[in-house]
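What follows is data.cif (mmCIF, C-alpha atoms).
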```
data_model
loop_
_atom_site.group_PDB
_atom_site.id
_atom_site.type_symbol
_atom_site.label_atom_id
_atom_site.label_comp_id
_atom_site.auth_asym_id
_atom_site.auth_seq_id
_atom_site.Cartn_x
_atom_site.Cartn_y
_atom_site.Cartn_z
ATOM 1 C CA MET R 1 -142.677 68.588 102.470
ATOM 2 C CA THR R 2 -143.509 66.153 105.249
ATOM 3 C CA HIS R 3 -141.197 66.101 108.274
ATOM 4 C CA ILE R 4 -138.860 63.098 108.134
ATOM 5 C CA ASN R 5 -139.857 61.966 111.640
ATOM 6 C CA LYS R 6 -143.493 61.706 110.539
ATOM 7 C CA LEU R 7 -142.496 59.800 107.394
ATOM 8 C CA ILE R 8 -140.399 57.369 109.418
ATOM 9 C CA ASN R 9 -143.091 56.811 112.053
ATOM 10 C CA ASP R 10 -145.802 56.371 109.441
ATOM 11 C CA LEU R 11 -143.736 53.844 107.501
ATOM 12 C CA LEU R 12 -142.721 51.827 110.552
ATOM 13 C CA SER R 13 -146.366 51.674 111.657
ATOM 14 C CA ILE R 14 -147.391 49.644 108.582
ATOM 15 C CA LEU R 15 -144.597 47.074 108.776
ATOM 16 C CA PRO R 16 -144.327 44.213 108.235
ATOM 17 C CA ALA R 17 -145.911 44.583 104.828
ATOM 18 C CA ASN R 18 -145.804 43.156 101.322
ATOM 19 C CA LYS R 19 -144.590 45.169 98.321
ATOM 20 C CA SER R 20 -148.073 46.173 97.208
ATOM 21 C CA LYS R 21 -148.982 47.539 100.656
ATOM 22 C CA ILE R 22 -145.701 49.467 100.738
ATOM 23 C CA ALA R 23 -146.340 50.838 97.229
ATOM 24 C CA SER R 24 -149.824 51.905 98.320
ATOM 25 C CA PHE R 25 -148.355 53.605 101.391
ATOM 26 C CA LEU R 26 -145.775 55.454 99.288
ATOM 27 C CA SER R 27 -148.463 56.659 96.860
ATOM 28 C CA ASN R 28 -149.839 58.843 99.657
ATOM 29 C CA TYR R 29 -146.667 60.929 99.657
ATOM 30 C CA SER R 30 -144.888 63.148 97.158
ATOM 31 C CA ILE R 31 -141.828 61.866 95.301
ATOM 32 C CA GLU R 32 -139.750 64.263 97.422
ATOM 33 C CA ASP R 33 -141.050 62.614 100.616
ATOM 34 C CA GLN R 34 -140.452 59.152 99.178
ATOM 35 C CA CYS R 35 -136.876 60.156 98.308
ATOM 36 C CA ALA R 36 -136.393 61.383 101.874
ATOM 37 C CA LEU R 37 -137.319 57.954 103.237
ATOM 38 C CA ILE R 38 -134.998 56.117 100.854
ATOM 39 C CA SER R 39 -132.139 58.525 101.537
ATOM 40 C CA ALA R 40 -132.640 58.220 105.310
ATOM 41 C CA ILE R 41 -132.494 54.425 104.969
ATOM 42 C CA TYR R 42 -129.168 54.491 103.137
ATOM 43 C CA ILE R 43 -127.663 57.260 105.280
ATOM 44 C CA GLY R 44 -128.646 55.366 108.428
ATOM 45 C CA ARG R 45 -127.303 52.088 107.076
ATOM 46 C CA ASP R 46 -123.989 53.688 106.147
ATOM 47 C CA ASN R 47 -123.669 55.263 109.612
ATOM 48 C CA ILE R 48 -125.170 52.436 111.665
ATOM 49 C CA HIS R 49 -122.252 52.240 114.123
ATOM 50 C CA CYS R 50 -121.608 55.986 114.316
ATOM 51 C CA ASN R 51 -122.815 58.735 116.596
ATOM 52 C CA ASN R 52 -122.399 61.527 114.056
ATOM 53 C CA PHE R 53 -121.948 61.932 110.325
ATOM 54 C CA THR R 54 -118.249 62.807 110.439
ATOM 55 C CA GLU R 55 -117.113 59.881 112.571
ATOM 56 C CA GLY R 56 -114.501 57.702 110.898
ATOM 57 C CA ARG R 57 -114.416 59.715 107.679
ATOM 58 C CA ASP R 58 -111.525 61.584 106.094
ATOM 59 C CA ALA R 59 -113.974 63.625 104.014
ATOM 60 C CA PRO R 60 -117.388 63.803 105.673
ATOM 61 C CA TYR R 61 -120.555 63.854 103.618
ATOM 62 C CA PHE R 62 -122.007 66.342 106.045
ATOM 63 C CA ILE R 63 -120.514 69.723 106.867
ATOM 64 C CA PRO R 64 -121.942 71.158 110.093
ATOM 65 C CA GLY R 65 -123.729 74.435 109.558
ATOM 66 C CA ASP R 66 -124.495 73.872 105.878
ATOM 67 C CA GLN R 67 -127.684 71.965 105.204
ATOM 68 C CA HIS R 68 -127.031 71.953 101.450
ATOM 69 C CA ILE R 69 -123.642 70.267 101.425
ATOM 70 C CA GLY R 70 -123.861 66.582 102.113
ATOM 71 C CA TYR R 71 -127.003 64.838 103.248
ATOM 72 C CA HIS R 72 -130.370 65.873 101.870
ATOM 73 C CA ARG R 73 -133.623 64.287 100.663
ATOM 74 C CA PHE R 74 -132.210 63.310 97.290
ATOM 75 C CA PHE R 75 -128.823 62.114 98.576
ATOM 76 C CA ALA R 76 -129.316 58.433 97.719
ATOM 77 C CA THR R 77 -131.890 58.718 94.948
ATOM 78 C CA GLY R 78 -130.882 61.650 92.794
ATOM 79 C CA LYS R 79 -133.841 63.337 91.158
ATOM 80 C CA SER R 80 -135.516 63.645 87.802
ATOM 81 C CA PRO R 81 -134.206 63.406 85.154
ATOM 82 C CA ASN R 82 -131.010 61.986 86.689
ATOM 83 C CA TRP R 83 -132.300 59.304 89.055
ATOM 84 C CA GLU R 84 -129.704 57.158 90.794
ATOM 85 C CA ILE R 85 -132.541 55.012 92.148
ATOM 86 C CA GLU R 86 -135.747 55.048 90.134
ATOM 87 C CA PRO R 87 -138.918 55.772 92.128
ATOM 88 C CA THR R 88 -140.373 52.526 90.770
ATOM 89 C CA GLU R 89 -137.761 50.735 92.939
ATOM 90 C CA PHE R 90 -138.663 52.431 96.235
ATOM 91 C CA ALA R 91 -141.292 49.898 97.348
ATOM 92 C CA ARG R 92 -138.973 46.986 96.541
ATOM 93 C CA ILE R 93 -136.117 48.560 98.513
ATOM 94 C CA ILE R 94 -138.306 49.125 101.556
ATOM 95 C CA PHE R 95 -139.750 45.627 101.284
ATOM 96 C CA GLU R 96 -136.298 44.031 101.128
ATOM 97 C CA LYS R 97 -134.888 46.119 103.986
ATOM 98 C CA GLN R 98 -137.946 46.191 106.246
ATOM 99 C CA ASN R 99 -136.396 43.958 108.918
ATOM 100 C CA ASN R 100 -133.589 46.500 109.445
ATOM 101 C CA LEU R 101 -135.434 49.772 108.897
ATOM 102 C CA SER R 102 -135.849 50.587 112.572
ATOM 103 C CA GLN R 103 -132.083 50.266 113.087
ATOM 104 C CA TYR R 104 -131.300 52.342 109.996
ATOM 105 C CA PHE R 105 -133.699 55.113 110.979
ATOM 106 C CA THR R 106 -132.420 55.109 114.572
ATOM 107 C CA ALA R 107 -128.867 55.554 113.271
ATOM 108 C CA PHE R 108 -129.996 58.335 110.930
ATOM 109 C CA ILE R 109 -131.693 60.232 113.771
ATOM 110 C CA ARG R 110 -128.825 59.584 116.234
ATOM 111 C CA CYS R 111 -126.198 60.821 113.787
ATOM 112 C CA SER R 112 -128.303 63.832 112.835
ATOM 113 C CA GLY R 113 -128.477 64.883 116.473
ATOM 114 C CA GLY R 114 -124.811 64.091 117.075
ATOM 115 C CA SER R 115 -123.810 66.216 114.092
ATOM 116 C CA GLY R 116 -126.005 69.197 114.858
ATOM 117 C CA TYR R 117 -127.949 68.550 111.667
ATOM 118 C CA ASN R 118 -131.350 70.240 111.640
ATOM 119 C CA ILE R 119 -133.469 67.215 110.816
ATOM 120 C CA ALA R 120 -136.495 69.453 110.231
ATOM 121 C CA GLU R 121 -134.795 70.636 107.023
ATOM 122 C CA PHE R 122 -134.230 67.121 105.689
#
```
Show me, as structure tokens, the structure contained in the file I just sent.
Amino acid sequence: MTHINKLINDLLSILPANKSKIASFLSNYSIEDQCALISAIYIGRDNIHCNNFTEGRDAPYFIPGDQHIGYHRFFATGKSPNWEIEPTEFARIIFEKQNNLSQYFTAFIRCSGGSGYNIAEF
């Protein structure tokens, strides 16, 4: 399991990129690591204007103190055999969202810190 900060930094370092370069980049990482990137993108996007994961929610996705309820590596993607987003779509998603990835990842990291979420366990 690669730390999410390393995954984020490694991905941002190759952008801008075409789909094939992104697919090649992803092939260097496990499916679990790839899922972590996709989940961080969607979590960050959904919390882009927030400072923590509970802000503005009646029922938060994240419960402080419990790393297994709420956000995790497979939050947005699901996992085999019940994929919500197929791994074959990961490169396309990153390609299409690459202009906003820095903002999404910044929001993900900001909200993690603001929520007391141990990002090392993501």
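When atom CA of Gly113 of chain R is paired with atom CA of Ala91 of chain R, their separation reads 27.5 Å.
Note that the spacing between atom CA of Asn5 of chain R and atom CA of Glu89 of chain R amounts to 21.9 Å.
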In file coordinates, which residues lie within 12 Å of (-130.8, 55.4, 95.8) using all atoms listed in the file, given as a PDB file with C-alpha atoms, in the coordinates of the input?
```
ATOM      1  CA  GLN R  34    -140.452  59.152  99.178  1.00  0.00           C
ATOM      2  CA  CYS R  35    -136.876  60.156  98.308  1.00  0.00           C
ATOM      3  CA  ALA R  36    -136.393  61.383 101.874  1.00  0.00           C
ATOM      4  CA  LEU R  37    -137.319  57.954 103.237  1.00  0.00           C
ATOM      5  CA  ILE R  38    -134.998  56.117 100.854  1.00  0.00           C
ATOM      6  CA  SER R  39    -132.139  58.525 101.537  1.00  0.00           C
ATOM      7  CA  ALA R  40    -132.640  58.220 105.310  1.00  0.00           C
ATOM      8  CA  ILE R  41    -132.494  54.425 104.969  1.00  0.00           C
ATOM      9  CA  TYR R  42    -129.168  54.491 103.137  1.00  0.00           C
ATOM     10  CA  ILE R  43    -127.663  57.260 105.280  1.00  0.00           C
ATOM     11  CA  ARG R  73    -133.623  64.287 100.663  1.00  0.00           C
ATOM     12  CA  PHE R  74    -132.210  63.310  97.290  1.00  0.00           C
ATOM     13  CA  PHE R  75    -128.823  62.114  98.576  1.00  0.00           C
ATOM     14  CA  ALA R  76    -129.316  58.433  97.719  1.00  0.00           C
ATOM     15  CA  THR R  77    -131.890  58.718  94.948  1.00  0.00           C
ATOM     16  CA  GLY R  78    -130.882  61.650  92.794  1.00  0.00           C
ATOM     17  CA  LYS R  79    -133.841  63.337  91.158  1.00  0.00           C
ATOM     18  CA  ASN R  82    -131.010  61.986  86.689  1.00  0.00           C
ATOM     19  CA  TRP R  83    -132.300  59.304  89.055  1.00  0.00           C
ATOM     20  CA  GLU R  84    -129.704  57.158  90.794  1.00  0.00           C
ATOM     21  CA  ILE R  85    -132.541  55.012  92.148  1.00  0.00           C
ATOM     22  CA  GLU R  86    -135.747  55.048  90.134  1.00  0.00           C
ATOM     23  CA  PRO R  87    -138.918  55.772  92.128  1.00  0.00           C
ATOM     24  CA  THR R  88    -140.373  52.526  90.770  1.00  0.00           C
ATOM     25  CA  GLU R  89    -137.761  50.735  92.939  1.00  0.00           C
ATOM     26  CA  PHE R  90    -138.663  52.431  96.235  1.00  0.00           C
ATOM     27  CA  ALA R  91    -141.292  49.898  97.348  1.00  0.00           C
ATOM     28  CA  ARG R  92    -138.973  46.986  96.541  1.00  0.00           C
ATOM     29  CA  ILE R  93    -136.117  48.560  98.513  1.00  0.00           C
ATOM     30  CA  ILE R  94    -138.306  49.125 101.556  1.00  0.00           C
TER      31      ILE R  94
END
```
- Message: Need the shell around Arg45 of chain R: protein/DNA/RNA residues with any atom at most 9 Å away, counting only C-alpha atoms. Skip same-chain ones fewer than 3 positions apart. Format as a count of residues only?
- Response: 12
- Length of the atom CA of Glu96 of chain R to atom CA of Ile109 of chain R vector [Å]: 21.1 Å
- Rank nothing, just name the residue among R:Cys50, R:Cys111, R:Ala17, R:Leu7 nearest to Asp33 of chain R, using all atoms listed in the file. R:Leu7
- Contacts of Ala120 of chain R at 10 Å or less, counting all atoms listed in the file, minus same-chain residues fewer than 4 places along, as number ranges by chain? R: 1-5
Enclose all atoms of segment 75-94 of chain R listed in the file in an axis-aligned box, grow every side by 5 Å, and hand back centre and edge lengths in Å to one decimal, as lines of an AutoDock Vina configuration file.
```
center_x = -135.1
center_y = 55.3
center_z = 93.4
size_x = 22.5
size_y = 26.7
size_z = 26.4
```
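Using all atoms listed in the file, the shortest contact distance between Ile22 of chain R and any of R:Thr106, R:Lys97, R:Asp46, R:Gly116 is found at R:Lys97.
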